[in-house]
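Novice: The structure file model-v7.txt (compact mmCIF, C-alpha atoms) is provided below.
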# COMPACT_ATOMS: atom_id res chain seq x y z
CA MET A 966 -31.00 -8.13 -9.59
CA ASP A 967 -32.97 -11.38 -9.87
CA TRP A 968 -31.63 -14.75 -8.72
CA THR A 969 -31.02 -15.97 -12.27
CA THR A 970 -28.80 -13.01 -13.11
CA ARG A 971 -26.91 -13.16 -9.84
CA SER A 972 -26.37 -16.88 -10.18
CA ARG A 973 -24.86 -16.34 -13.60
CA TYR A 974 -22.25 -13.99 -12.17
CA LEU A 975 -21.54 -16.28 -9.23
CA LYS A 976 -21.03 -19.17 -11.62
CA ALA A 977 -18.62 -16.98 -13.57
CA MET A 978 -16.74 -16.39 -10.32
CA GLY A 979 -16.54 -20.15 -9.80
CA ILE A 980 -18.86 -20.28 -6.78
CA PRO A 981 -21.12 -23.37 -7.07
CA LEU A 982 -24.88 -23.03 -6.98
CA TRP A 983 -27.02 -25.08 -4.61
CA ARG A 984 -30.68 -26.03 -4.38
CA PRO A 985 -32.69 -28.23 -1.99
CA LYS A 986 -33.10 -31.85 -3.10
CA ALA A 987 -36.88 -31.46 -3.02
CA MET A 988 -36.86 -29.08 -5.95
CA ASP A 989 -37.98 -30.66 -9.20
CA LYS A 990 -36.83 -27.96 -11.62
CA PRO A 991 -33.32 -28.08 -13.04
CA LEU A 992 -30.56 -26.11 -11.34
CA GLU A 993 -30.24 -23.55 -14.12
CA SER A 994 -33.95 -22.64 -14.00
CA VAL A 995 -34.29 -22.26 -10.21
CA PRO A 996 -30.88 -21.24 -8.88
CA VAL A 997 -30.63 -20.75 -5.14
CA ILE A 998 -27.44 -19.22 -3.79
CA GLU A 999 -25.98 -20.54 -0.58
CA GLU A 1000 -24.81 -17.30 1.03
CA ALA A 1001 -22.62 -17.30 4.08
CA PRO A 1002 -23.69 -14.96 6.87
CA PRO A 1003 -22.20 -11.51 6.19
CA PRO A 1004 -19.21 -10.65 8.38
CA SER A 1005 -19.50 -7.98 11.03
CA THR A 1006 -19.01 -4.40 9.88
CA LYS A 1007 -17.23 -3.60 13.13
CA PRO A 1008 -13.52 -4.19 13.73
CA ALA A 1009 -14.38 -6.43 16.72
CA GLY A 1010 -10.94 -6.34 18.25
CA VAL A 1011 -8.95 -6.65 15.03
CA GLU A 1012 -5.49 -5.29 15.70
CA VAL A 1013 -3.83 -3.61 12.73
CA THR A 1014 -0.05 -3.82 12.99
CA PRO A 1015 1.57 -0.66 11.58
CA LEU A 1016 4.37 -0.78 9.05
CA ARG A 1017 7.82 -0.35 10.57
CA PRO A 1018 9.73 1.65 9.60
CA ALA A 1019 7.13 4.22 8.62
CA VAL A 1020 6.41 4.61 4.92
CA VAL A 1021 8.53 7.34 3.32
CA ARG A 1022 6.28 10.03 1.93
CA SER A 1023 6.51 11.12 -1.69
CA THR A 1024 7.92 14.58 -2.35
CA VAL A 1025 5.37 15.23 -5.11
CA ASP A 1026 2.74 17.85 -4.27
CA CYS A 1027 -0.49 16.86 -6.01
CA THR A 1028 -2.90 18.50 -3.61
CA SER A 1029 -4.09 21.18 -6.05
CA LEU A 1030 -4.07 19.15 -9.26
CA ALA A 1031 -7.26 18.49 -11.23
CA TRP A 1032 -7.73 15.27 -13.19
CA PRO A 1033 -5.96 16.32 -16.43
CA GLU A 1034 -2.95 17.77 -14.61
CA LEU A 1035 -2.73 14.77 -12.29
CA GLN A 1036 -2.74 12.31 -15.19
CA ALA A 1037 -0.10 14.37 -16.99
CA ALA A 1038 2.08 14.32 -13.88
CA VAL A 1039 1.83 10.53 -13.69
CA GLU A 1040 2.66 10.11 -17.37
CA ALA A 1041 5.76 12.28 -16.97
CA CYS A 1042 6.86 10.75 -13.66
CA LYS A 1043 10.48 9.58 -13.34
CA LEU A 1044 10.75 9.49 -9.56
CA CYS A 1045 11.77 5.82 -9.45
CA GLU A 1046 13.51 3.36 -11.74
CA LEU A 1047 10.24 1.86 -13.02
CA HIS A 1048 9.96 4.57 -15.67
CA LYS A 1049 12.88 2.93 -17.47
CA THR A 1050 11.10 -0.40 -18.00
CA ARG A 1051 7.45 0.59 -18.43
CA THR A 1052 5.68 0.62 -21.78
CA GLN A 1053 3.29 3.26 -20.45
CA THR A 1054 1.84 4.37 -17.16
CA VAL A 1055 -1.47 2.96 -15.90
CA PHE A 1056 -3.20 5.94 -14.34
CA GLY A 1057 -6.59 4.42 -13.53
CA SER A 1058 -10.02 4.33 -15.14
CA GLY A 1059 -13.70 4.57 -14.40
CA ASN A 1060 -16.30 6.87 -12.91
CA GLN A 1061 -14.67 9.90 -11.33
CA GLN A 1062 -17.74 10.36 -9.11
CA ALA A 1063 -17.80 6.72 -8.03
CA ARG A 1064 -19.30 5.67 -4.70
CA CYS A 1065 -16.96 2.67 -4.65
CA MET A 1066 -13.28 2.77 -5.55
CA VAL A 1067 -11.26 -0.42 -6.17
CA ILE A 1068 -7.52 -0.34 -5.50
CA GLY A 1069 -5.11 -3.06 -6.52
CA GLU A 1070 -1.39 -3.64 -6.37
CA ALA A 1071 0.34 -2.82 -9.67
CA PRO A 1072 -0.11 -3.16 -13.42
CA GLY A 1073 0.73 -6.49 -15.06
CA ALA A 1074 2.00 -7.14 -18.56
CA GLU A 1075 -1.36 -6.64 -20.28
CA GLU A 1076 -2.14 -3.53 -18.23
CA ASP A 1077 1.28 -2.13 -19.15
CA ARG A 1078 0.52 -2.80 -22.82
CA GLN A 1079 -2.99 -1.28 -22.81
CA GLY A 1080 -2.49 1.45 -20.21
CA LEU A 1081 -5.62 0.32 -18.34
CA PRO A 1082 -6.00 -1.38 -14.94
CA PHE A 1083 -7.45 -4.87 -14.46
CA VAL A 1084 -7.73 -6.20 -18.00
CA GLY A 1085 -7.48 -9.82 -19.08
CA LYS A 1086 -8.74 -12.76 -17.02
CA SER A 1087 -8.32 -11.07 -13.63
CA GLY A 1088 -10.17 -8.03 -14.93
CA GLN A 1089 -13.06 -10.18 -16.15
CA LEU A 1090 -13.27 -11.89 -12.79
CA LEU A 1091 -13.30 -8.50 -11.04
CA THR A 1092 -16.15 -7.42 -13.33
CA ASN A 1093 -18.11 -10.55 -12.41
CA MET A 1094 -17.39 -10.08 -8.70
CA LEU A 1095 -18.77 -6.55 -8.79
CA ALA A 1096 -21.78 -7.56 -10.88
CA ALA A 1097 -22.64 -10.19 -8.26
CA ILE A 1098 -23.29 -7.35 -5.79
CA GLN A 1099 -25.13 -5.27 -8.41
CA ILE A 1100 -22.27 -2.89 -9.20
CA ALA A 1101 -21.42 -2.33 -12.85
CA ARG A 1102 -17.78 -1.76 -13.66
CA THR A 1103 -18.74 1.56 -15.26
CA GLU A 1104 -19.96 2.74 -11.85
CA ILE A 1105 -16.62 2.40 -10.06
CA TYR A 1106 -13.13 3.84 -10.33
CA ILE A 1107 -10.16 1.46 -10.44
CA ALA A 1108 -6.57 2.34 -9.63
CA ASN A 1109 -3.39 0.68 -8.38
CA ILE A 1110 -0.82 1.39 -5.69
CA LEU A 1111 1.80 1.65 -8.46
CA LYS A 1112 1.26 3.43 -11.76
CA CYS A 1113 4.02 1.47 -13.55
CA ARG A 1114 4.56 -2.25 -13.95
CA PRO A 1115 7.38 -3.75 -11.86
CA PRO A 1116 9.70 -5.93 -13.99
CA ASN A 1117 8.60 -9.59 -14.12
CA ASN A 1118 5.53 -8.65 -12.04
CA ARG A 1119 7.61 -8.62 -8.86
CA ASP A 1120 6.19 -7.12 -5.66
CA PRO A 1121 6.36 -3.32 -5.39
CA LYS A 1122 9.25 -1.99 -3.35
CA PRO A 1123 8.35 0.27 -0.39
CA GLU A 1124 10.07 3.27 -1.95
CA GLU A 1125 8.21 2.77 -5.23
CA ALA A 1126 4.88 2.70 -3.43
CA ALA A 1127 5.91 5.78 -1.46
CA TYR A 1128 6.67 7.78 -4.60
CA CYS A 1129 3.34 6.79 -6.14
CA ARG A 1130 1.28 7.35 -3.00
CA ALA A 1131 0.74 11.07 -3.59
CA TYR A 1132 -0.83 10.33 -6.98
CA LEU A 1133 -3.18 7.76 -5.48
CA GLU A 1134 -4.08 9.97 -2.53
CA ARG A 1135 -5.03 12.76 -4.93
CA GLN A 1136 -7.23 10.37 -6.92
CA ILE A 1137 -8.96 9.35 -3.70
CA ALA A 1138 -9.36 12.99 -2.65
CA LEU A 1139 -10.90 13.93 -6.00
CA ILE A 1140 -13.34 11.01 -5.95
CA GLN A 1141 -14.19 10.97 -2.22
CA PRO A 1142 -15.68 7.47 -2.48
CA ALA A 1143 -18.15 6.15 0.05
CA LEU A 1144 -16.11 2.93 0.20
CA ILE A 1145 -12.69 1.71 -0.92
CA LEU A 1146 -12.44 -1.97 -1.81
CA VAL A 1147 -8.81 -3.08 -1.64
CA VAL A 1148 -7.90 -6.27 -3.48
CA GLY A 1149 -4.84 -8.22 -2.44
CA ARG A 1150 -2.41 -8.42 0.45
CA ILE A 1151 0.19 -6.03 -0.96
CA ALA A 1152 -2.31 -3.30 -1.81
CA ALA A 1153 -3.91 -3.65 1.63
CA HIS A 1154 -0.56 -3.41 3.41
CA HIS A 1155 0.54 -0.32 1.49
CA LEU A 1156 -2.80 1.48 1.64
CA LEU A 1157 -3.53 0.77 5.30
CA GLN A 1158 0.17 1.02 6.23
CA THR A 1159 0.12 -2.26 8.10
CA THR A 1160 1.73 -5.70 8.18
CA THR A 1161 -1.35 -7.47 9.52
CA PRO A 1162 -2.06 -10.63 7.44
CA LEU A 1163 -4.83 -10.28 4.89
CA GLY A 1164 -6.79 -13.07 6.57
CA ARG A 1165 -7.09 -10.92 9.70
CA LEU A 1166 -7.86 -7.75 7.76
CA ARG A 1167 -10.83 -9.38 6.05
CA GLY A 1168 -14.29 -9.25 7.59
CA SER A 1169 -13.99 -5.75 9.06
CA VAL A 1170 -14.45 -2.18 7.88
CA HIS A 1171 -11.21 -0.27 8.35
CA THR A 1172 -10.44 3.42 8.00
CA LEU A 1173 -7.91 4.83 5.56
CA PRO A 1174 -5.10 6.43 7.60
CA GLN A 1175 -5.44 10.19 8.07
CA THR A 1176 -8.96 10.14 6.63
CA LYS A 1177 -12.43 8.94 7.59
CA LEU A 1178 -12.87 6.85 4.44
CA PRO A 1179 -14.00 3.24 5.03
CA VAL A 1180 -11.93 0.40 3.58
CA ILE A 1181 -12.84 -3.27 3.02
CA VAL A 1182 -10.16 -5.81 2.11
CA THR A 1183 -10.53 -8.90 -0.06
CA TYR A 1184 -8.45 -11.21 -2.24
CA HIS A 1185 -6.94 -10.12 -5.54
CA PRO A 1186 -8.73 -11.61 -8.58
CA ALA A 1187 -5.42 -13.01 -9.87
CA TYR A 1188 -5.03 -14.90 -6.58
CA LEU A 1189 -8.57 -16.23 -6.85
CA LEU A 1190 -7.78 -17.58 -10.31
CA ARG A 1191 -4.89 -19.52 -8.77
CA GLN A 1192 -6.79 -20.49 -5.61
CA PRO A 1193 -10.46 -20.90 -6.62
CA THR A 1194 -11.34 -22.44 -3.23
CA GLU A 1195 -10.98 -18.94 -1.73
CA LYS A 1196 -13.79 -17.54 -3.89
CA ARG A 1197 -16.36 -18.30 -1.18
CA ARG A 1198 -14.44 -16.09 1.24
CA ALA A 1199 -14.21 -13.40 -1.40
CA TRP A 1200 -17.99 -13.65 -1.77
CA GLN A 1201 -18.31 -12.98 1.97
CA ASP A 1202 -16.21 -9.83 1.51
CA LEU A 1203 -18.38 -8.74 -1.38
CA GLN A 1204 -21.49 -9.21 0.74
CA LEU A 1205 -19.90 -7.03 3.41
CA ALA A 1206 -19.23 -4.32 0.82
CA ARG A 1207 -22.76 -4.62 -0.57
CA ASP A 1208 -24.37 -4.39 2.87
CA PHE A 1209 -22.14 -1.49 3.91
CA LEU A 1210 -23.06 0.53 0.83
CA GLY A 1211 -26.70 -0.40 1.39
CA SER A 1212 -26.55 0.90 4.95
CA LEU A 1213 -25.24 4.22 3.66
CA ARG A 1214 -28.16 4.52 1.27
CA ALA A 1215 -30.58 3.78 4.09
CA THR A 1216 -29.23 6.68 6.17
CA HIS A 1217 -29.52 9.24 3.37
Using structure tokens, write down the structure that the file contains.

Specialist:
Amino acid sequence: MDWTTRSRYLKAMGIPLWRPKAMDKPLESVPVIEEAPPPSTKPAGVEVTPLRPAVVRSTVDCTSLAWPELQAAVEACKLCELHKTRTQTVFGSGNQQARCMVIGEAPGAEEDRQGLPFVGKSGQLLTNMLAAIQIARTEIYIANILKCRPPNNRDPKPEEAAYCRAYLERQIALIQPALILVVGRIAAHHLLQTTTPLGRLRGSVHTLPQTKLPVIVTYHPAYLLRQPTEKRRAWQDLQLARDFLGSLRATH
């Protein structure tokens, strides 16, 4: 991706462009991105505090389900009270052979209406964030911790996340991504089974519990829309994801 294209996506994310004063050409014609040094890909002493009490495991056995059967099981699910208030389930969407999987918290009102994850303004920002590191949205798979919208967009309850976890774990097992990018504090806590603040989880490559799959944590696009000053830190996380995936290509 050339600098002009990348700068367009960074501008869409709300990250300002910069150029030396000595340049004579206008900013739009010679964009130079001020990139922060990429964070370390090693945990470097980051302590991940486990959830207490331990997350209750779902009783659903999805381990042998293929994609059609898994989606049908989600659509028919009535394990928790959320089935009473949902318009429809939001199973997930994207490339089922994706190298990178994005996992968020829960569907919102528009996702509940359309049955698709990350639509609307937050979805557009996510698309721009991925494009900035040369990943098209069609190349990834997107899912949420919850498959149903919590009323009034409240935080997921631990038991709701526990019931849905088997569905998500099966999606991960079917895809076997090279990297999971988790967006948002709540998704990070549920997926990594930790209470460590998001600020301390950022900047390191973690491992999904009971697997060897690498996980990188960043801010949720909806949060970035409310707190645009954090977009520079999100850009650091994206650089970490980009460099990690690049290192995997170099070793194969």

Novice: Measuring atom to atom with all atoms listed in the file, identify which of A:Arg1207, A:Arg1135, A:Arg1119, A:Lys1196 is nearest to A:Trp1032.

Specialist: A:Arg1135

Novice: For A:Leu1090, list every protein, DNA or RNA residue within 9 Å, evaluated using all atoms listed in the file, and leave out those in the same chain fewer than 3 positions away; present the list as a VMD selection string.

Specialist: chain A and resid 977 to 978 1085 to 1087 1093 to 1095 1186 to 1187 1189 to 1190

Novice: Give me the stretch 1125-1211 of chain A side of the contact with stretch 1045-1057 of chain A, cut-off 10 Å, one line per residue showing its nearest atom pair and distance in Å at one decimal, counting all atoms listed in the file, sorted by chain and residue number, as a tab-separated table.

Specialist:
residue	atom	partner	partner_atom	distance
A:Glu1125	CA	A:Cys1045	CA	6.3
A:Ala1126	CA	A:Cys1045	CA	9.7
A:Ala1127	CA	A:Cys1045	CA	9.9
A:Tyr1128	CA	A:Cys1045	CA	7.3
A:Cys1129	CA	A:Cys1045	CA	9.1
A:Tyr1132	CA	A:Phe1056	CA	8.9
A:Leu1133	CA	A:Phe1056	CA	9.0
A:Gln1136	CA	A:Gly1057	CA	8.9

Novice: Could you jot down the atom CA of A:Leu1035 to atom CA of A:His1185 separation for me, Å, one decimal place?

Specialist: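 Interatomic distance here is 26.1 Å.
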
Novice: Quick one: of A:Gln1204, A:Gln1036, A:Gln1062, A:Gln1089, who's nearest to A:Ala1138, counting all atoms listed in the file?

Specialist: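 Selected residue with least distance to A:Ala1138: A:Gln1062.
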
Novice: Quick one: pull the distance between atom CA of A:Leu1213 and atom CA of A:Ile1105, Å, one decimal.

Specialist: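 A separation of 16.3 Å between them.
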
Novice: Using all atoms of stretch 1161-1176 of chain A listed in the file and a margin of 8 Å per side, can you give the axis-aligned box centre and edge lengths in Å to one decimal, as JSON?

Specialist:
{"center_x": -7.9, "center_y": -1.4, "center_z": 7.3, "size_x": 29.1, "size_y": 39.3, "size_z": 20.8}

Novice: To one decimal place, how far is atom CA of A:Arg1197 from atom CA of A:Gly1088 in Å?

Specialist: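 According to the coordinates, atom CA of A:Arg1197 and atom CA of A:Gly1088 are separated by 18.2 Å.
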
Novice: I need the residue nearest A:Pro1072 from this list: A:Ile1098, A:Cys1113, A:Val1170, A:Leu1157. Use all atoms listed in the file for the distance.

Specialist: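 Of A:Ile1098, A:Cys1113, A:Val1170, A:Leu1157, the one nearest A:Pro1072, counting all atoms listed in the file, is A:Cys1113.
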
Novice: Using all atoms listed in the file, which of A:Glu1124, A:Glu1134, A:Glu1070, A:Glu1075 sits nearest A:Pro1174?

Specialist: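 Result for the nearest residue to A:Pro1174: A:Glu1134.
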
Novice: Looking at all atoms listed in the file, which of A:Arg1114, A:Arg1150, A:Arg1064, A:His1155 is the one that sits closest to A:Asp1077?

Specialist: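 Of all the options, A:Arg1114 lies closest to A:Asp1077.
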
Novice: For each of A:Arg1130, A:Lys1177, A:Lys1112, A:Arg1198, take the minimum atom-to-atom distance to A:Leu1144, counting all atoms listed in the file, then give the residue where this is smallest.

Specialist: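 Answer, going by the shortest atom-to-atom distance: A:Lys1177.
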